[in-house]
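Source file: work_37.txt. Holds: compact mmCIF, C-alpha atoms and all ligand atoms.
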```txt
# COMPACT_ATOMS: atom_id res chain seq x y z
CA MET A 21 5.52 -55.17 -52.78
CA THR A 22 2.19 -53.60 -52.08
CA MET A 23 0.68 -51.08 -54.38
CA LYS A 24 -2.02 -48.43 -54.38
CA VAL A 25 -4.37 -47.38 -57.12
CA LEU A 26 -5.31 -43.69 -57.36
CA LYS A 27 -7.87 -42.35 -59.78
CA PHE A 28 -8.22 -38.70 -60.70
CA GLY A 29 -11.38 -37.48 -62.42
CA GLY A 30 -11.87 -35.00 -65.23
CA THR A 31 -11.86 -31.85 -63.10
CA SER A 32 -8.77 -33.08 -61.23
CA VAL A 33 -6.88 -33.04 -64.55
CA GLY A 34 -8.99 -30.22 -66.03
CA SER A 35 -6.22 -27.62 -66.50
CA PRO A 36 -2.41 -27.41 -66.58
CA GLU A 37 -2.45 -26.22 -62.98
CA ARG A 38 -4.61 -29.14 -61.89
CA MET A 39 -2.37 -31.58 -63.74
CA ARG A 40 0.67 -30.24 -61.93
CA ASN A 41 -1.23 -30.56 -58.69
CA VAL A 42 -2.05 -34.22 -59.44
CA SER A 43 1.59 -34.81 -60.22
CA LYS A 44 2.49 -33.46 -56.77
CA LEU A 45 -0.05 -35.72 -55.08
CA ILE A 46 1.24 -38.87 -56.78
CA THR A 47 4.97 -38.41 -56.46
CA ASP A 48 5.36 -39.34 -52.78
CA GLY A 49 7.47 -42.38 -53.63
CA ASP A 50 4.76 -44.99 -52.85
CA LYS A 51 4.32 -47.63 -55.49
CA LYS A 52 1.12 -46.95 -57.38
CA ILE A 53 -0.92 -47.08 -60.53
CA VAL A 54 -2.59 -43.76 -61.29
CA VAL A 55 -5.73 -43.92 -63.39
CA LEU A 56 -6.74 -40.72 -65.16
CA SER A 57 -9.97 -39.56 -66.75
CA ALA A 58 -10.07 -37.36 -69.79
CA MET A 59 -9.84 -33.62 -69.08
CA SER A 60 -13.28 -32.37 -68.03
CA GLY A 61 -15.45 -31.56 -71.02
CA THR A 62 -13.44 -33.64 -73.46
CA THR A 63 -15.54 -36.81 -73.41
CA ASN A 64 -18.67 -34.69 -73.90
CA ASN A 65 -16.99 -33.01 -76.89
CA LEU A 66 -16.04 -36.39 -78.32
CA VAL A 67 -19.61 -37.65 -77.89
CA GLU A 68 -20.77 -34.58 -79.78
CA ILE A 69 -18.26 -35.09 -82.58
CA ALA A 70 -19.36 -38.72 -82.95
CA ASP A 71 -22.96 -37.54 -83.01
CA TYR A 72 -22.22 -35.12 -85.87
CA TYR A 73 -20.61 -37.96 -87.82
CA LYS A 74 -23.66 -40.08 -87.15
CA LYS A 75 -25.85 -37.35 -88.60
CA GLY A 76 -23.55 -36.85 -91.56
CA ASN A 77 -22.62 -33.31 -90.51
CA THR A 78 -18.87 -33.51 -91.12
CA ASP A 79 -18.51 -29.70 -91.13
CA ALA A 80 -19.76 -29.36 -87.59
CA ALA A 81 -17.59 -32.29 -86.54
CA SER A 82 -14.57 -30.73 -88.16
CA ASN A 83 -15.18 -27.39 -86.39
CA LEU A 84 -15.43 -29.10 -83.06
CA ILE A 85 -12.25 -31.11 -83.63
CA GLY A 86 -10.52 -27.85 -84.51
CA ALA A 87 -11.77 -26.25 -81.29
CA LEU A 88 -10.61 -29.24 -79.27
CA GLU A 89 -7.16 -29.14 -80.83
CA LYS A 90 -6.94 -25.42 -80.05
CA LYS A 91 -7.94 -26.03 -76.44
CA TYR A 92 -5.23 -28.66 -76.09
CA ALA A 93 -2.69 -26.32 -77.67
CA GLU A 94 -3.39 -23.91 -74.81
CA VAL A 95 -3.10 -26.71 -72.26
CA ILE A 96 0.29 -27.66 -73.72
CA GLU A 97 1.45 -24.02 -73.48
CA GLY A 98 0.43 -23.89 -69.86
CA LEU A 99 1.77 -27.29 -68.87
CA LEU A 100 5.08 -27.64 -70.65
CA THR A 101 7.90 -25.12 -70.90
CA THR A 102 10.46 -26.40 -73.37
CA GLN A 103 9.94 -26.37 -77.12
CA THR A 104 11.01 -30.00 -77.40
CA TYR A 105 8.28 -31.20 -75.06
CA ARG A 106 5.69 -28.83 -76.46
CA ASN A 107 6.40 -30.28 -79.90
CA LYS A 108 6.14 -33.82 -78.60
CA ALA A 109 2.81 -33.05 -76.97
CA SER A 110 1.46 -31.23 -80.04
CA SER A 111 2.28 -34.14 -82.27
CA ILE A 112 0.49 -36.58 -79.92
CA ILE A 113 -2.62 -34.35 -79.86
CA ALA A 114 -2.48 -33.89 -83.64
CA CYS A 115 -2.20 -37.64 -84.07
CA GLU A 116 -5.26 -38.29 -81.85
CA CYS A 117 -7.26 -35.57 -83.61
CA ASN A 118 -6.31 -37.08 -86.95
CA VAL A 119 -7.61 -40.44 -85.80
CA ILE A 120 -10.95 -38.69 -85.20
CA ARG A 121 -10.75 -36.88 -88.57
CA SER A 122 -10.06 -40.13 -90.39
CA TYR A 123 -13.66 -41.23 -89.77
CA ALA A 124 -15.22 -38.18 -91.42
CA ASN A 125 -15.99 -39.93 -94.66
CA LYS A 126 -16.35 -43.46 -93.42
CA PRO A 127 -19.67 -45.07 -92.50
CA PHE A 128 -20.61 -44.35 -88.90
CA SER A 129 -20.94 -47.20 -86.42
CA ILE A 130 -20.96 -47.70 -82.65
CA GLN A 131 -17.41 -48.93 -83.09
CA VAL A 132 -16.37 -45.62 -84.64
CA GLU A 133 -17.92 -43.79 -81.71
CA LYS A 134 -15.98 -45.92 -79.23
CA ILE A 135 -12.70 -45.26 -81.00
CA ILE A 136 -13.42 -41.52 -80.92
CA LEU A 137 -14.40 -41.56 -77.23
CA ALA A 138 -11.17 -43.31 -76.29
CA ARG A 139 -9.07 -40.32 -77.38
CA GLY A 140 -9.82 -38.26 -74.25
CA GLU A 141 -8.07 -40.52 -71.76
CA ILE A 142 -5.22 -41.19 -74.20
CA MET A 143 -4.58 -37.43 -74.48
CA SER A 144 -4.78 -36.64 -70.74
CA THR A 145 -2.45 -39.48 -69.71
CA ASN A 146 0.08 -38.62 -72.40
CA LEU A 147 0.15 -34.99 -71.27
CA VAL A 148 0.80 -35.88 -67.63
CA GLN A 149 3.49 -38.35 -68.68
CA LEU A 150 5.20 -35.71 -70.84
CA TYR A 151 5.05 -33.25 -67.96
CA HIS A 152 6.88 -35.84 -65.84
CA GLU A 153 9.46 -36.47 -68.52
CA GLU A 154 10.12 -32.78 -68.97
CA ASN A 155 10.53 -32.38 -65.23
CA LYS A 156 12.60 -35.53 -64.76
CA ILE A 157 9.93 -37.20 -62.65
CA GLN A 158 10.15 -40.94 -63.13
CA SER A 159 6.90 -42.57 -64.29
CA THR A 160 5.76 -45.09 -66.88
CA LEU A 161 2.73 -44.64 -69.10
CA LEU A 162 0.72 -47.82 -69.53
CA ASP A 163 -1.72 -48.56 -72.33
CA SER A 164 -4.98 -49.71 -70.75
CA LEU A 165 -5.99 -51.20 -74.10
CA GLU A 166 -3.35 -53.86 -73.48
CA PHE A 167 -4.94 -55.22 -70.32
CA MET A 168 -8.50 -53.97 -69.69
CA TYR A 169 -10.97 -56.41 -71.21
CA VAL A 170 -14.76 -56.75 -71.25
CA ASP A 171 -16.86 -59.62 -72.60
CA ALA A 172 -19.66 -59.52 -75.16
CA ASP A 173 -22.02 -58.07 -72.51
CA GLY A 174 -19.58 -55.33 -71.57
CA GLU A 175 -18.70 -57.04 -68.28
CA PRO A 176 -15.04 -57.01 -67.19
CA VAL A 177 -13.12 -60.26 -67.64
CA MET A 178 -11.19 -60.35 -64.38
CA PRO A 179 -8.85 -63.32 -65.04
CA LYS A 180 -7.78 -61.79 -68.34
CA ILE A 181 -7.24 -58.37 -66.79
CA GLU A 182 -5.16 -59.93 -63.99
CA GLU A 183 -3.04 -61.94 -66.35
CA LYS A 184 -2.43 -59.20 -68.91
CA LEU A 185 -1.74 -56.50 -66.33
CA ALA A 186 0.68 -58.73 -64.41
CA LYS A 187 2.56 -59.34 -67.65
CA VAL A 188 2.78 -55.62 -68.38
CA LEU A 189 3.92 -54.70 -64.86
CA LYS A 190 6.57 -57.40 -64.89
CA GLN A 191 8.37 -55.47 -67.60
CA TYR A 192 9.03 -52.64 -65.11
CA PRO A 193 10.13 -54.30 -61.86
CA ASP A 194 11.64 -51.10 -60.43
CA GLU A 195 9.00 -48.61 -61.49
CA LYS A 196 7.09 -46.93 -58.67
CA LEU A 197 4.69 -44.75 -60.60
CA PHE A 198 2.50 -46.00 -63.42
CA ILE A 199 -0.05 -43.90 -65.27
CA ALA A 200 -2.97 -45.53 -67.06
CA GLN A 201 -6.12 -44.46 -68.88
CA GLY A 202 -9.42 -44.93 -67.13
CA PHE A 203 -12.62 -45.73 -69.04
CA ILE A 204 -11.09 -47.45 -72.08
CA CYS A 205 -10.80 -51.16 -72.70
CA ARG A 206 -11.09 -53.83 -75.39
CA ASN A 207 -14.04 -56.14 -75.92
CA ASP A 208 -14.39 -59.82 -76.82
CA LYS A 209 -13.61 -58.99 -80.46
CA ASP A 210 -10.48 -57.11 -79.40
CA GLU A 211 -12.05 -53.85 -80.55
CA VAL A 212 -11.66 -50.59 -78.64
CA ASP A 213 -14.50 -50.28 -76.15
CA ASN A 214 -15.23 -48.48 -72.89
CA LEU A 215 -16.72 -48.96 -69.42
CA LYS A 216 -19.54 -46.46 -70.07
CA ARG A 217 -19.72 -42.85 -68.98
CA GLY A 218 -18.03 -42.20 -65.66
CA GLY A 219 -16.26 -45.54 -66.01
CA SER A 220 -12.80 -44.42 -64.90
CA ASP A 221 -13.75 -45.11 -61.28
CA TYR A 222 -14.62 -48.62 -62.33
CA SER A 223 -11.28 -48.94 -64.16
CA ALA A 224 -9.52 -48.02 -60.94
CA SER A 225 -11.28 -50.58 -58.80
CA LEU A 226 -10.84 -53.30 -61.44
CA ILE A 227 -7.13 -52.52 -61.61
CA GLY A 228 -6.99 -52.44 -57.81
CA ALA A 229 -8.66 -55.84 -57.61
CA ALA A 230 -6.40 -57.23 -60.35
CA ILE A 231 -3.21 -56.34 -58.49
CA ASN A 232 -4.62 -56.84 -54.99
CA ALA A 233 -3.92 -53.22 -54.14
CA ASP A 234 -3.82 -51.99 -50.52
CA VAL A 235 -6.29 -49.28 -51.29
CA VAL A 236 -8.16 -47.74 -54.20
CA GLU A 237 -8.31 -43.96 -53.89
CA ILE A 238 -10.85 -42.07 -55.97
CA TRP A 239 -9.88 -38.40 -56.14
CA THR A 240 -12.66 -36.05 -57.21
CA ASP A 241 -13.72 -32.49 -56.52
CA ILE A 242 -15.76 -33.18 -53.40
CA ASP A 243 -14.59 -34.33 -49.99
CA GLY A 244 -16.24 -37.74 -49.94
CA ILE A 245 -19.78 -39.07 -50.06
CA HIS A 246 -22.14 -36.55 -48.52
CA ASN A 247 -25.18 -37.43 -46.47
CA ASN A 248 -27.45 -35.72 -48.98
CA ASP A 249 -27.22 -34.06 -52.39
CA PRO A 250 -25.19 -30.87 -51.76
CA ARG A 251 -26.58 -29.30 -54.95
CA ILE A 252 -30.07 -29.36 -53.49
CA VAL A 253 -29.75 -29.46 -49.73
CA LYS A 254 -27.76 -26.99 -47.63
CA ASN A 255 -25.38 -28.04 -44.84
CA THR A 256 -24.65 -31.56 -45.99
CA HIS A 257 -21.59 -33.25 -44.55
CA PRO A 258 -19.20 -35.96 -45.72
CA ILE A 259 -19.63 -39.42 -44.22
CA ALA A 260 -16.34 -40.64 -42.73
CA GLU A 261 -16.98 -44.37 -42.98
CA MET A 262 -19.34 -46.56 -44.93
CA SER A 263 -19.62 -50.26 -45.61
CA PHE A 264 -19.26 -51.63 -49.14
CA ASP A 265 -22.97 -52.48 -49.15
CA GLU A 266 -24.06 -49.02 -48.08
CA ALA A 267 -21.77 -47.37 -50.62
CA ALA A 268 -22.95 -49.67 -53.40
CA GLU A 269 -26.59 -48.77 -52.76
CA LEU A 270 -25.78 -45.09 -52.57
CA ALA A 271 -23.59 -45.06 -55.68
CA TYR A 272 -26.22 -46.87 -57.67
CA PHE A 273 -29.12 -44.82 -56.41
CA GLY A 274 -27.81 -41.48 -57.34
CA ALA A 275 -24.76 -40.31 -55.44
CA LYS A 276 -22.97 -38.97 -58.52
CA ILE A 277 -19.59 -39.16 -56.88
CA LEU A 278 -18.90 -42.80 -57.69
CA HIS A 279 -19.61 -44.97 -60.71
CA PRO A 280 -22.13 -47.55 -59.42
CA SER A 281 -20.07 -50.62 -60.37
CA THR A 282 -16.94 -49.38 -58.61
CA VAL A 283 -17.62 -50.91 -55.23
CA LEU A 284 -17.99 -54.53 -56.31
CA PRO A 285 -14.46 -55.48 -57.45
CA ALA A 286 -13.06 -53.82 -54.32
CA LYS A 287 -15.57 -55.58 -52.08
CA VAL A 288 -14.77 -58.99 -53.59
CA LYS A 289 -11.07 -58.52 -52.77
CA ASN A 290 -11.77 -56.60 -49.57
CA ILE A 291 -9.80 -53.55 -50.70
CA PRO A 292 -10.82 -50.32 -48.99
CA VAL A 293 -11.97 -47.54 -51.30
CA LEU A 294 -11.04 -44.06 -50.19
CA LEU A 295 -12.81 -41.04 -51.65
CA LYS A 296 -10.64 -37.94 -51.58
CA ASN A 297 -10.88 -34.33 -52.66
CA THR A 298 -8.13 -33.14 -55.02
CA MET A 299 -8.84 -29.53 -54.07
CA GLU A 300 -8.57 -30.32 -50.36
CA PRO A 301 -6.16 -33.23 -50.06
CA ASN A 302 -6.05 -33.00 -46.28
CA ALA A 303 -9.79 -33.45 -45.82
CA LYS A 304 -10.54 -36.92 -44.51
CA GLY A 305 -12.96 -37.96 -47.23
CA THR A 306 -14.91 -41.20 -47.03
CA VAL A 307 -13.51 -44.67 -46.40
CA ILE A 308 -15.55 -47.54 -47.80
CA SER A 309 -14.57 -50.87 -46.29
CA ASN A 310 -16.01 -53.97 -44.70
CA LYS A 311 -15.50 -52.59 -41.21
CA ALA A 312 -18.73 -52.65 -39.22
CA THR A 313 -20.07 -49.13 -39.03
CA ASN A 314 -22.62 -47.45 -36.78
CA THR A 315 -26.24 -48.34 -37.11
CA GLY A 316 -28.85 -45.85 -38.23
CA ILE A 317 -29.55 -43.77 -41.29
CA LYS A 318 -26.45 -42.28 -42.88
CA ALA A 319 -27.28 -40.82 -46.22
CA ILE A 320 -29.89 -39.94 -48.79
CA ALA A 321 -29.50 -39.92 -52.54
CA ALA A 322 -31.80 -39.46 -55.47
CA LYS A 323 -31.77 -41.06 -58.88
CA ASP A 324 -33.78 -39.44 -61.66
CA GLY A 325 -34.89 -40.68 -65.04
CA LEU A 326 -36.80 -43.72 -63.86
CA THR A 327 -39.84 -45.18 -65.55
CA ALA A 328 -42.39 -47.01 -63.42
CA ILE A 329 -44.35 -49.88 -64.93
CA LYS A 330 -47.39 -51.42 -63.28
CA ILE A 331 -48.71 -54.78 -64.47
CA LYS A 332 -52.12 -55.65 -63.10
CA SER A 333 -53.63 -59.04 -63.60
CA GLY A 334 -56.34 -61.17 -62.05
CA ARG A 335 -54.22 -64.10 -63.16
CA MET A 336 -51.59 -63.22 -60.60
CA LEU A 337 -54.00 -64.05 -57.79
CA LEU A 338 -52.87 -67.27 -56.08
CA ALA A 339 -50.89 -68.22 -59.19
CA TYR A 340 -47.25 -69.19 -59.35
CA GLY A 341 -44.92 -68.40 -62.22
CA PHE A 342 -46.45 -65.00 -62.89
CA LEU A 343 -43.43 -63.01 -61.75
CA ARG A 344 -41.13 -65.30 -63.69
CA ARG A 345 -43.02 -64.50 -66.87
CA VAL A 346 -42.75 -60.79 -66.11
CA PHE A 347 -39.01 -61.00 -65.39
CA GLU A 348 -38.32 -63.05 -68.48
CA ILE A 349 -39.52 -60.20 -70.66
CA PHE A 350 -37.08 -57.79 -69.02
CA GLU A 351 -34.32 -60.33 -69.30
CA LYS A 352 -35.01 -60.83 -73.00
CA TYR A 353 -34.45 -57.10 -73.57
CA LYS A 354 -31.44 -56.94 -71.22
CA THR A 355 -33.22 -54.31 -69.15
CA PRO A 356 -32.35 -54.23 -65.45
CA ILE A 357 -35.14 -53.70 -62.92
CA ASP A 358 -34.35 -51.34 -60.05
CA LEU A 359 -37.22 -51.36 -57.58
CA ILE A 360 -40.07 -53.81 -57.33
CA THR A 361 -43.19 -53.97 -55.17
CA THR A 362 -46.03 -56.43 -55.39
CA SER A 363 -49.61 -56.77 -54.27
CA GLU A 364 -51.77 -59.79 -54.74
CA VAL A 365 -52.99 -58.65 -58.14
CA ALA A 366 -50.34 -56.27 -59.37
CA VAL A 367 -46.64 -55.70 -59.59
CA SER A 368 -44.94 -52.32 -59.92
CA LEU A 369 -41.35 -51.98 -60.96
CA THR A 370 -38.95 -49.36 -62.20
CA ILE A 371 -36.44 -49.32 -65.01
CA ASP A 372 -33.71 -46.92 -65.93
CA LYS A 373 -32.91 -48.12 -69.42
CA THR A 374 -35.81 -47.48 -71.75
CA ASP A 375 -34.29 -48.47 -75.11
CA TYR A 376 -36.77 -51.36 -75.40
CA LEU A 377 -39.67 -49.88 -73.44
CA ALA A 378 -42.10 -50.21 -76.36
CA GLN A 379 -41.26 -53.87 -76.95
CA ILE A 380 -41.35 -54.67 -73.23
CA VAL A 381 -44.75 -53.02 -72.79
CA ASP A 382 -46.02 -54.80 -75.85
CA GLU A 383 -45.10 -58.20 -74.43
CA LEU A 384 -46.25 -57.34 -70.89
CA LYS A 385 -49.71 -56.64 -72.28
CA ALA A 386 -50.12 -60.38 -72.81
CA LEU A 387 -49.88 -60.76 -69.01
CA GLY A 388 -52.15 -57.97 -67.80
CA THR A 389 -53.05 -54.31 -67.91
CA VAL A 390 -49.95 -52.14 -68.18
CA GLU A 391 -49.54 -48.59 -66.89
CA ILE A 392 -46.45 -46.43 -67.41
CA ASP A 393 -45.28 -43.42 -65.40
CA LYS A 394 -42.29 -41.50 -66.70
CA ASP A 395 -40.15 -38.87 -64.94
CA GLN A 396 -39.92 -40.76 -61.68
CA THR A 397 -37.21 -40.40 -59.05
CA ILE A 398 -35.97 -42.96 -56.58
CA ILE A 399 -35.09 -41.50 -53.21
CA CYS A 400 -32.77 -43.90 -51.53
CA ILE A 401 -32.21 -43.76 -47.79
CA VAL A 402 -29.08 -45.68 -46.89
CA GLY A 403 -27.62 -46.81 -43.61
CA ASN A 404 -27.24 -49.74 -41.34
CA MET A 405 -30.91 -50.45 -40.64
CA ILE A 406 -31.09 -53.93 -39.29
CA ALA A 407 -34.70 -54.98 -38.90
CA GLU A 408 -34.35 -55.45 -35.14
CA GLU A 409 -33.94 -51.72 -34.75
CA GLN A 410 -37.19 -49.84 -34.52
CA GLY A 411 -38.33 -46.65 -36.07
CA HIS A 412 -36.27 -46.08 -39.21
CA ALA A 413 -39.08 -46.70 -41.70
CA VAL A 414 -41.51 -44.63 -39.64
CA GLU A 415 -39.13 -41.68 -39.58
CA VAL A 416 -38.70 -41.83 -43.34
CA LEU A 417 -42.41 -41.95 -44.04
CA LYS A 418 -43.17 -39.26 -41.50
CA ALA A 419 -40.71 -36.99 -43.24
CA LEU A 420 -42.49 -37.62 -46.53
CA LYS A 421 -45.99 -37.03 -45.21
CA GLU A 422 -46.68 -34.20 -47.66
CA ILE A 423 -45.36 -35.95 -50.75
CA SER A 424 -47.18 -38.48 -52.93
CA VAL A 425 -45.23 -41.69 -52.82
CA ARG A 426 -45.63 -44.03 -55.78
CA MET A 427 -43.69 -47.04 -54.39
CA ILE A 428 -41.96 -47.99 -51.13
CA CYS A 429 -39.28 -50.68 -50.90
CA TYR A 430 -38.10 -51.81 -47.49
CA GLY A 431 -36.57 -55.04 -46.30
CA GLY A 432 -34.74 -55.95 -49.50
CA SER A 433 -31.51 -55.41 -47.63
CA ASP A 434 -30.51 -54.07 -44.24
CA HIS A 435 -29.10 -50.99 -45.86
CA ASN A 436 -31.76 -49.30 -47.82
CA ILE A 437 -35.26 -47.87 -47.87
CA SER A 438 -36.24 -46.66 -51.32
CA VAL A 439 -39.25 -44.64 -52.29
CA LEU A 440 -40.39 -43.66 -55.74
CA ILE A 441 -41.81 -40.20 -56.30
CA ASP A 442 -42.51 -37.84 -59.18
CA THR A 443 -39.29 -36.07 -60.14
CA LYS A 444 -41.04 -32.70 -59.69
CA ASN A 445 -41.22 -33.42 -55.93
CA LYS A 446 -37.58 -34.39 -55.55
CA GLU A 447 -36.24 -31.21 -54.05
CA LYS A 448 -39.05 -31.01 -51.52
CA ALA A 449 -38.53 -34.65 -50.55
CA LEU A 450 -34.76 -34.36 -50.10
CA ILE A 451 -35.13 -31.29 -47.92
CA ALA A 452 -37.93 -32.82 -45.84
CA LEU A 453 -35.90 -35.99 -45.27
CA ASN A 454 -32.85 -33.97 -44.37
CA ASN A 455 -34.77 -31.95 -41.80
CA ASN A 456 -36.31 -35.02 -40.22
CA LEU A 457 -33.55 -37.60 -40.33
CA PHE A 458 -30.36 -35.75 -39.47
N1 LIG A 501 -14.08 -39.65 -69.44
C1 LIG A 501 -15.14 -40.56 -69.21
C2 LIG A 501 -16.43 -39.79 -68.98
O1 LIG A 501 -16.42 -38.58 -68.97
C3 LIG A 501 -14.88 -41.51 -68.11
C4 LIG A 501 -14.69 -40.88 -66.76
O2 LIG A 501 -14.27 -39.74 -66.68
O3 LIG A 501 -14.93 -41.54 -65.76
O4 LIG A 501 -17.46 -40.39 -68.87
MG MG A 502 -16.73 -39.59 -62.50
```
Would you mind writing the structure in this file as structure tokens?
Ligand code: ASP
Ligand code: MG
Amino acid sequence: MTMKVLKFGGTSVGSPERMRNVSKLITDGDKKIVVLSAMSGTTNNLVEIADYYKKGNTDAASNLIGALEKKYAEVIEGLLTTQTYRNKASSIIACECNVIRSYANKPFSIQVEKIILARGEIMSTNLVQLYHEENKIQSTLLDSLEFMYVDADGEPVMPKIEEKLAKVLKQYPDEKLFIAQGFICRNDKDEVDNLKRGGSDYSASLIGAAINADVVEIWTDIDGIHNNDPRIVKNTHPIAEMSFDEAAELAYFGAKILHPSTVLPAKVKNIPVLLKNTMEPNAKGTVISNKATNTGIKAIAAKDGLTAIKIKSGRMLLAYGFLRRVFEIFEKYKTPIDLITTSEVAVSLTIDKTDYLAQIVDELKALGTVEIDKDQTIICIVGNMIAEEQGHAVEVLKALKEISVRMICYGGSDHNISVLIDTKNKEKALIALNNNLF
């Protein structure tokens, strides 16, 4: 039998009322796995608690845990009506909070942080499951730690996920509604780990790919991918259809709506990804699939926090192997490169992860003169821009005529023109592009 995967984000389960609303949306009788995030704000709180432990401030951590427990006590009051179920829920929350407390006087490690961060999704899924039990709605709560696995590099191990999840599901042949935690997983050492911030979307598409779902639906608080950043530009509109490639570029380069890795597992298995709005379930949202879509520019997104690095060297002139030596340094420090442009004597590139910037720069200096620019923003213009069609690049550059452009990337794929600008010019650039392109 075919199955769907639906994922609801933090705001979609952010209050008792929202949880009840999610429950309504998922109890239509279709067979499905529902992936939930932690309630909005919780993961941030857990990060903060872990940070206090790291700094040895157990008092502040303890206060914050107390506040979290109090917040959940209110959620329980609002969500559940009988004393029996309220007690059940309180003891689950107390148990999770005690797990966090148990690390107060132990040495801090990344592993401790991961265990603490995992509590958010465990609490939200348990609450929704208890709500179902109290209201005699049939559903089964799964433990994502039994089947979600990543390797030593944090990459999902698909065959293992498929095998483990199939085994779990086999135990419930008649169940129609499963609830599972997003975000959390185990690593190669079987320790509790996670798929990084915002990773619940990724959980959903990995689960969808593992069970060959009909569709992966990502339910958030906006009605699909918009053609520009609605926080900055007025009158944006949702895009009805996008290809996997277009969505992947857009998700990576800044559209906050989707975790950037989400598209890939779905694309590999050709499973459409539907973006829906929990607050407006009847809005069409965005369908991401491999269906050919219209040509032309569809959307603009911006990604902040980039660092540009320019390596200039006379030795690059007419030489081979220069770029390899540059790339090897980034590879050594596991630092992905986003954009790259080259001239005959220089190469400019951008990175997002700056943990090893000092070491990278140090090694690059052996190859040439190195210049760094921080606070850079990639503006990514996405669409179906096959090279045979004229005018797209011109339109983009014309729109940006009053903005200093640090890099331009065009031709890497048929779906993207990216420009790098100073973050301080972002708003101006997004508005100018919006006025000229749509
Ligand atoms: N709760 C996690 C976070 O806030 C994962 C997610 O919601 O996607 O990052
Ligand atoms: Mg998210």
Find the distance between CA of Leu197 in chain A and CA of Gln158 in chain A and write it in Å to one decimal.
-> 7.1 Å
Around ligand LIG 501 (chain A), out to 10 Å and counting all atoms listed in the file, which residues are there? I want them as an mmCIF file with C-alpha atoms, in the coordinates of the input.
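This went into part-v1.cif:
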```
data_model
loop_
_atom_site.group_PDB
_atom_site.id
_atom_site.type_symbol
_atom_site.label_atom_id
_atom_site.label_comp_id
_atom_site.auth_asym_id
_atom_site.auth_seq_id
_atom_site.Cartn_x
_atom_site.Cartn_y
_atom_site.Cartn_z
ATOM 1 C CA LYS A 27 -7.870 -42.350 -59.780
ATOM 2 C CA PHE A 28 -8.220 -38.700 -60.700
ATOM 3 C CA GLY A 29 -11.380 -37.480 -62.420
ATOM 4 C CA GLY A 30 -11.870 -35.000 -65.230
ATOM 5 C CA THR A 31 -11.860 -31.850 -63.100
ATOM 6 C CA VAL A 55 -5.730 -43.920 -63.390
ATOM 7 C CA LEU A 56 -6.740 -40.720 -65.160
ATOM 8 C CA SER A 57 -9.970 -39.560 -66.750
ATOM 9 C CA ALA A 58 -10.070 -37.360 -69.790
ATOM 10 C CA MET A 59 -9.840 -33.620 -69.080
ATOM 11 C CA SER A 60 -13.280 -32.370 -68.030
ATOM 12 C CA GLY A 61 -15.450 -31.560 -71.020
ATOM 13 C CA THR A 62 -13.440 -33.640 -73.460
ATOM 14 C CA THR A 63 -15.540 -36.810 -73.410
ATOM 15 C CA ASN A 64 -18.670 -34.690 -73.900
ATOM 16 C CA ASN A 65 -16.990 -33.010 -76.890
ATOM 17 C CA LEU A 66 -16.040 -36.390 -78.320
ATOM 18 C CA VAL A 67 -19.610 -37.650 -77.890
ATOM 19 C CA LEU A 137 -14.400 -41.560 -77.230
ATOM 20 C CA ALA A 138 -11.170 -43.310 -76.290
ATOM 21 C CA ARG A 139 -9.070 -40.320 -77.380
ATOM 22 C CA GLY A 140 -9.820 -38.260 -74.250
ATOM 23 C CA GLU A 141 -8.070 -40.520 -71.760
ATOM 24 C CA SER A 144 -4.780 -36.640 -70.740
ATOM 25 C CA GLN A 201 -6.120 -44.460 -68.880
ATOM 26 C CA GLY A 202 -9.420 -44.930 -67.130
ATOM 27 C CA PHE A 203 -12.620 -45.730 -69.040
ATOM 28 C CA ILE A 204 -11.090 -47.450 -72.080
ATOM 29 C CA ASN A 214 -15.230 -48.480 -72.890
ATOM 30 C CA LEU A 215 -16.720 -48.960 -69.420
ATOM 31 C CA LYS A 216 -19.540 -46.460 -70.070
ATOM 32 C CA ARG A 217 -19.720 -42.850 -68.980
ATOM 33 C CA GLY A 218 -18.030 -42.200 -65.660
ATOM 34 C CA GLY A 219 -16.260 -45.540 -66.010
ATOM 35 C CA SER A 220 -12.800 -44.420 -64.900
ATOM 36 C CA ASP A 221 -13.750 -45.110 -61.280
ATOM 37 C CA TYR A 222 -14.620 -48.620 -62.330
ATOM 38 C CA SER A 223 -11.280 -48.940 -64.160
ATOM 39 C CA ALA A 224 -9.520 -48.020 -60.940
ATOM 40 C CA LEU A 278 -18.900 -42.800 -57.690
ATOM 41 C CA HIS A 279 -19.610 -44.970 -60.710
#
```
Skipping near chain neighbours, those fewer than 3 positions away, what residues fall within 6 Å of range 280-288 of chain A using all atoms listed in the file, listed as a PDB file with C-alpha atoms, keeping the file's coordinate frame?
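Output file out.pdb follows:
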```
ATOM      1  CA  ASP A 221     -13.750 -45.110 -61.280  1.00  0.00           C
ATOM      2  CA  TYR A 222     -14.620 -48.620 -62.330  1.00  0.00           C
ATOM      3  CA  SER A 225     -11.280 -50.580 -58.800  1.00  0.00           C
ATOM      4  CA  LEU A 226     -10.840 -53.300 -61.440  1.00  0.00           C
ATOM      5  CA  ALA A 229      -8.660 -55.840 -57.610  1.00  0.00           C
ATOM      6  CA  ALA A 268     -22.950 -49.670 -53.400  1.00  0.00           C
ATOM      7  CA  ALA A 271     -23.590 -45.060 -55.680  1.00  0.00           C
ATOM      8  CA  TYR A 272     -26.220 -46.870 -57.670  1.00  0.00           C
ATOM      9  CA  ILE A 291      -9.800 -53.550 -50.700  1.00  0.00           C
TER      10      ILE A 291
END
```
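Counting from CA of Leu150 in chain A, the distance to CA of Tyr192 in chain A is 18.3 Å.
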